[in-house]
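What follows is one structure encoded as structure tokens, with my remarks underneath.
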Amino acid sequence: METLMHYLWANRLQLRPGMTTVDNQPIEIIDPGRLNTDSGPDFFNAKIRIGSETWAGNIEIHVRASDWLRHGHQDDRAYDTVILHVVGLSDTRITAPDGRVIPQIEMPCDQATIAQLAELKSGAPSESLPCAATIETMEPMYLSDWLSALAYERIYEKVDRVEEIRSRLNGDWEETAYITLARALGFNTNSEPFERLARATPLRILRKHADDPLILEAILMGQSGLLPTDAPNDSYPAALRREYDFMAVKFSLEPPTIQWKMSRMRPANFPHRRIALLSRILSRTSSLMSHILSVKSYDDAVVLFSQPLTGFWSSASTFSSRPETDAAPRTALSRSSVMSLIINVVVPLKVAWADRHDTERLSDEAIEMLYAVSPEDNRLTRLFADTKIRHDSAFVSQALIQLRRRYCETSDCLRCRIGHRALKSNFAARPTR
């Protein structure tokens with residue numbers, strides 16, 4: 001309930017001309033202030049006028065006035081700066097730690113608003129879109145602004161992850177790019193296992209043998225735990241095993257414990273093939289980060305990421321497969337997979353680099369790529385298929401995924417502009433004293 005009161009206060013949905021304090025003093029809310037997400041009063045830097053006097057300071061909100069006492073604010077000097085106590089029910093008068101009586105107003109939540117919010121929040125996580133009707137009534141500019149904000153929110157969640165990895169690696173961009181790419185090659189199902197593999201297999205070791213694809217693949221396959229120990233001596237897996245055993249001793253490598261997921265997965269998506277692809281990419285570039293920064297289009301991404309798998313992996317999906325000796329090289333990634341790598345590798349790395357080096361051009365290039373790439377088609381984006389939203393690019397599909405994941409599935413309707421519009425359009429305020 002207090003969260004709803006914060007929302008009503010911040011958006012002025014219960015603030016009306018002619019309001020008075022519980023002592024019948026006329027009050028005007030000039031500025032409701034800024035929501036405080038840390039300890040202390042709920043809103044900072046508010047400005048109000050009571051009678052003929054103007055006050056600047058902080059606001060505290062409670063369902064009942066007596067909550068002030070229950071929370072111990074009367075003994076906390078951080079609340080000396082409170083200029084107004086906003087309550088749903090005024091069941092007592094309160095004073096600041098310095099003994100000053102704090103002005104108080106009642107702002108009871110309308111039952112219709114409470115019921116509407118409960119309906120929105122209960123329906124939001126379901127496989128439906130309870131606010132679809134509201135989307136249809138929203139002005140195109142308002143909706144476009146919200147989608148743009150959501151897309152950037154999602155982009156910067158990925159950028160923050162890049163920065164988190166980079167900070168743990170003492171600012172090493174190459175290693176950061178390597179781990180980011182490895183994780184993305186897991187394509188959700190095996191993203192965590194791929195990241196564990198990359199963290200346990202330092203890029204500096206792989207770089208020492210970048211000119212020998214067999215050794216590169218042997219190290220990664222051996223570290224993955226997927227390399228068999230009982231393959232026939234004249235087989236490709238046995239050759240990889242011999243190389244790995246030697247390199248493991250040379251570099252003191254310890255394979256991490258990894259739980260790979262392969263059930264209900266198409267053979268082309270098995271981790272064996274993705275690891276083989278990762279080794280191909282690393283063997284063909286001396287600087288992975290530089291190549292990623294140079295990607296400006298889908299075609300550039302294909303050249304970098306969609307390396308053809310030759311030899312054993314041209315037809316095999318696992319080490320138990322029977323490869324065709326005359327099989328032609330096959331492209332390792334589908335179009336949708338390349339687009340996924342653009343979204344999850346190229347864009348966040350370019351934006352992170354641009355932010356660190358104050359290079360706006362690279363950031364603009366990254367965003368333009370999202371506008372140029374086809375939208376994702378999955379169960380999340382399909383929920384919005386029958387709305388007025390033009391789902392015409394990866395920029396929009398990323399916004400829709402962010403909306404669904406961060407707002408709908410968490411029932412965070414109060415921070416969603418669509419939820420805000422739904423509540424505001426149907427708001428029926430009770431008379432406020």
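By convention here, the chains of the structure tokens are called A, B, ... in the order presented, each chain's residues are numbered starting at 1, and ligands are numbered starting at 1 in the order presented.
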Next on the checklist: Considering only alpha helix (DSSP H) as DSSP defines it on the backbone, what residues of segment 54-264 of chain A qualify? List them as a PyMOL selection string.
Outcome noted: chain A and resi 67-70+111-123+132-137+140-168+173-185+191-200+203-207+213-224+236-251
Residues near Ser144 of chain A, cut-off 10 Å, only C-alpha atoms, skip fewer than 6 positions along chain, as a compact mmCIF listing (two decimals) with C-alpha atoms, in the first residue's frame:
# COMPACT_ATOMS: atom_id res chain seq x y z
CA MET A 138 -1.70 5.49 -26.24
CA LEU A 150 13.08 0.23 -22.54
CA ILE A 389 3.32 -1.59 -31.68
CA ARG A 390 5.31 -1.81 -34.93
CA VAL A 396 11.87 -2.76 -30.74
Set the distance at 9 Å and use only C-alpha atoms: which residues neighbour segment 21-24 of chain A once local chain neighbours fewer than 5 positions away are removed? I'd like the list as a PDB file with all heavy atoms, in the first residue's frame.
ATOM      1  N   ILE A  50       2.234  26.208   2.825  1.00  0.00           N
ATOM      2  CA  ILE A  50       1.185  26.058   3.834  1.00  0.00           C
ATOM      3  C   ILE A  50       0.799  27.455   4.291  1.00  0.00           C
ATOM      4  O   ILE A  50       1.623  28.189   4.862  1.00  0.00           O
ATOM      5  CB  ILE A  50       1.667  25.225   5.038  1.00  0.00           C
ATOM      6  CG1 ILE A  50       2.073  23.818   4.580  1.00  0.00           C
ATOM      7  CG2 ILE A  50       0.567  25.125   6.098  1.00  0.00           C
ATOM      8  CD1 ILE A  50       2.612  22.940   5.698  1.00  0.00           C
ATOM      9  N   SER A  90      -4.915   9.553   9.425  1.00  0.00           N
ATOM     10  CA  SER A  90      -4.291  10.355  10.477  1.00  0.00           C
ATOM     11  C   SER A  90      -4.810   9.894  11.837  1.00  0.00           C
ATOM     12  O   SER A  90      -5.804  10.407  12.351  1.00  0.00           O
ATOM     13  CB  SER A  90      -4.596  11.843  10.257  1.00  0.00           C
ATOM     14  OG  SER A  90      -4.033  12.626  11.282  1.00  0.00           O
ATOM     15  N   PRO A 103       3.579  19.171   9.924  1.00  0.00           N
ATOM     16  CA  PRO A 103       2.283  19.243   9.240  1.00  0.00           C
ATOM     17  C   PRO A 103       1.946  17.900   8.609  1.00  0.00           C
ATOM     18  O   PRO A 103       2.826  17.165   8.141  1.00  0.00           O
ATOM     19  CB  PRO A 103       2.506  20.318   8.181  1.00  0.00           C
ATOM     20  CG  PRO A 103       3.652  21.134   8.694  1.00  0.00           C
ATOM     21  CD  PRO A 103       4.529  20.178   9.437  1.00  0.00           C
ATOM     22  N   GLN A 104       0.665  17.606   8.530  1.00  0.00           N
ATOM     23  CA  GLN A 104       0.228  16.282   8.077  1.00  0.00           C
ATOM     24  C   GLN A 104      -1.001  16.426   7.186  1.00  0.00           C
ATOM     25  O   GLN A 104      -1.887  17.235   7.471  1.00  0.00           O
ATOM     26  CB  GLN A 104      -0.094  15.437   9.315  1.00  0.00           C
ATOM     27  CG  GLN A 104      -0.332  13.969   9.067  1.00  0.00           C
ATOM     28  CD  GLN A 104      -0.203  13.201  10.378  1.00  0.00           C
ATOM     29  OE1 GLN A 104       0.900  12.856  10.791  1.00  0.00           O
ATOM     30  NE2 GLN A 104      -1.321  12.941  11.034  1.00  0.00           N
ATOM     31  N   ILE A 105      -1.038  15.651   6.108  1.00  0.00           N
ATOM     32  CA  ILE A 105      -2.244  15.588   5.274  1.00  0.00           C
ATOM     33  C   ILE A 105      -2.649  14.138   5.078  1.00  0.00           C
ATOM     34  O   ILE A 105      -1.812  13.239   5.149  1.00  0.00           O
ATOM     35  CB  ILE A 105      -2.043  16.256   3.895  1.00  0.00           C
ATOM     36  CG1 ILE A 105      -0.985  15.498   3.085  1.00  0.00           C
ATOM     37  CG2 ILE A 105      -1.711  17.722   4.019  1.00  0.00           C
ATOM     38  CD1 ILE A 105      -0.911  15.936   1.630  1.00  0.00           C
ATOM     39  N   GLU A 106      -3.944  13.936   4.877  1.00  0.00           N
ATOM     40  CA  GLU A 106      -4.434  12.602   4.558  1.00  0.00           C
ATOM     41  C   GLU A 106      -4.517  12.438   3.044  1.00  0.00           C
ATOM     42  O   GLU A 106      -4.994  13.321   2.336  1.00  0.00           O
ATOM     43  CB  GLU A 106      -5.821  12.371   5.172  1.00  0.00           C
ATOM     44  CG  GLU A 106      -5.790  12.000   6.638  1.00  0.00           C
ATOM     45  CD  GLU A 106      -7.140  11.514   7.128  1.00  0.00           C
ATOM     46  OE1 GLU A 106      -8.160  11.842   6.485  1.00  0.00           O
ATOM     47  OE2 GLU A 106      -7.188  10.805   8.148  1.00  0.00           O
ATOM     48  N   ARG A 433      -8.714  15.624   2.446  1.00  0.00           N
ATOM     49  CA  ARG A 433      -8.739  16.713   3.405  1.00  0.00           C
ATOM     50  C   ARG A 433      -7.417  17.468   3.414  1.00  0.00           C
ATOM     51  O   ARG A 433      -6.379  16.857   3.267  1.00  0.00           O
ATOM     52  CB  ARG A 433      -8.975  16.153   4.811  1.00  0.00           C
ATOM     53  CG  ARG A 433     -10.410  15.724   5.055  1.00  0.00           C
ATOM     54  CD  ARG A 433     -10.730  15.657   6.516  1.00  0.00           C
ATOM     55  NE  ARG A 433      -9.711  14.895   7.247  1.00  0.00           N
ATOM     56  CZ  ARG A 433      -9.687  14.850   8.557  1.00  0.00           C
ATOM     57  NH1 ARG A 433     -10.557  15.495   9.285  1.00  0.00           N
ATOM     58  NH2 ARG A 433      -8.746  14.140   9.189  1.00  0.00           N
TER      59      ARG A 433
END
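Interatomic distance, atom CA of Ser279 of chain A against atom CA of Leu220 of chain A: 7.4 Å.
Put simply, atom CA of His291 of chain A is 25.4 Å away from atom CA of Ser224 of chain A.
Among A:Thr95, A:Ser320, A:Asn170, A:Gln223, the residue with the shortest atom-to-atom distance to Pro267 of chain A, counting only C-alpha atoms, is A:Ser320.
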Item to check | For Ala132 of chain A: contacts at 9 Å, only C-alpha atoms, fewer than 6 positions along chain excluded, given as number ranges by chain | outcome: A: 384, 386-387
Next on the checklist: So that I can see what lies close to Met1 of chain A, please list as a PyMOL selection string the residues with an atom at most 9 Å from it, counting only C-alpha atoms and leaving out residues fewer than 6 positions away in the same chain.
Outcome noted: chain A and resi 62-63+109+114
Item to check | Nearby residues (only C-alpha atoms) at most 12 Å from Arg161 of chain A, same-chain spacing under 2 positions excluded, as number ranges by chain | outcome: A: 154-159, 163-168, 176-177, 179-180, 183, 344-345, 348-349, 351-352
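One distance worth recording is that between atom CA of Ser263 of chain A and atom CA of Thr331 of chain A, which is 22.8 Å.
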Next on the checklist: Please list as number ranges by chain every residue within 12 Å of Met247 of chain A, counting only C-alpha atoms and excluding residues in the same chain fewer than 3 positions away.
Outcome noted: A: 201, 205-206, 208-209, 214-223, 240-244, 250-255
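Closest to Leu362 of chain A among A:Gln307, A:Asn11, A:Ser374, A:Ser294 is A:Ser294, based on only C-alpha atoms.
Residue nearest Pro237 of chain A within the list A:Ala316, A:Leu293, A:Glu192, A:Met265: A:Ala316 [criterion: smallest interatomic distance, only C-alpha atoms].
Considering the residues A:Thr285, A:Ser122, A:Ser397, A:Ser315 and counting only C-alpha atoms, Ala210 of chain A has its shortest atom-to-atom contact with A:Thr285.
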Next on the checklist: For the structure I just gave you, how does DSSP split segment 14-216 of chain A - specifically, which residues are strand (DSSP E)? Reply as a PyMOL selection string.
Outcome noted: chain A and resi 27-31+34-35+43-50+53-64+82-89+104-106
Counting only C-alpha atoms, which residues in segment 28-69 of chain A sit no more than 8 Å from segment 84-87 of chain A? For each one, give the nearest pair of atoms and the distance in Å, sorted by chain then residue number, as JSON lines.
{"residue": "A:Asn58", "atom": "CA", "partner": "A:Leu84", "partner_atom": "CA", "distance": 7.2}
{"residue": "A:Ile59", "atom": "CA", "partner": "A:Leu84", "partner_atom": "CA", "distance": 5.3}
{"residue": "A:Glu60", "atom": "CA", "partner": "A:His85", "partner_atom": "CA", "distance": 5.1}
{"residue": "A:Ile61", "atom": "CA", "partner": "A:Val86", "partner_atom": "CA", "distance": 4.7}
{"residue": "A:His62", "atom": "CA", "partner": "A:Val87", "partner_atom": "CA", "distance": 4.9}
{"residue": "A:Val63", "atom": "CA", "partner": "A:Val87", "partner_atom": "CA", "distance": 5.3}
{"residue": "A:Arg64", "atom": "CA", "partner": "A:Val87", "partner_atom": "CA", "distance": 5.6}
{"residue": "A:Ala65", "atom": "CA", "partner": "A:Val87", "partner_atom": "CA", "distance": 5.7}
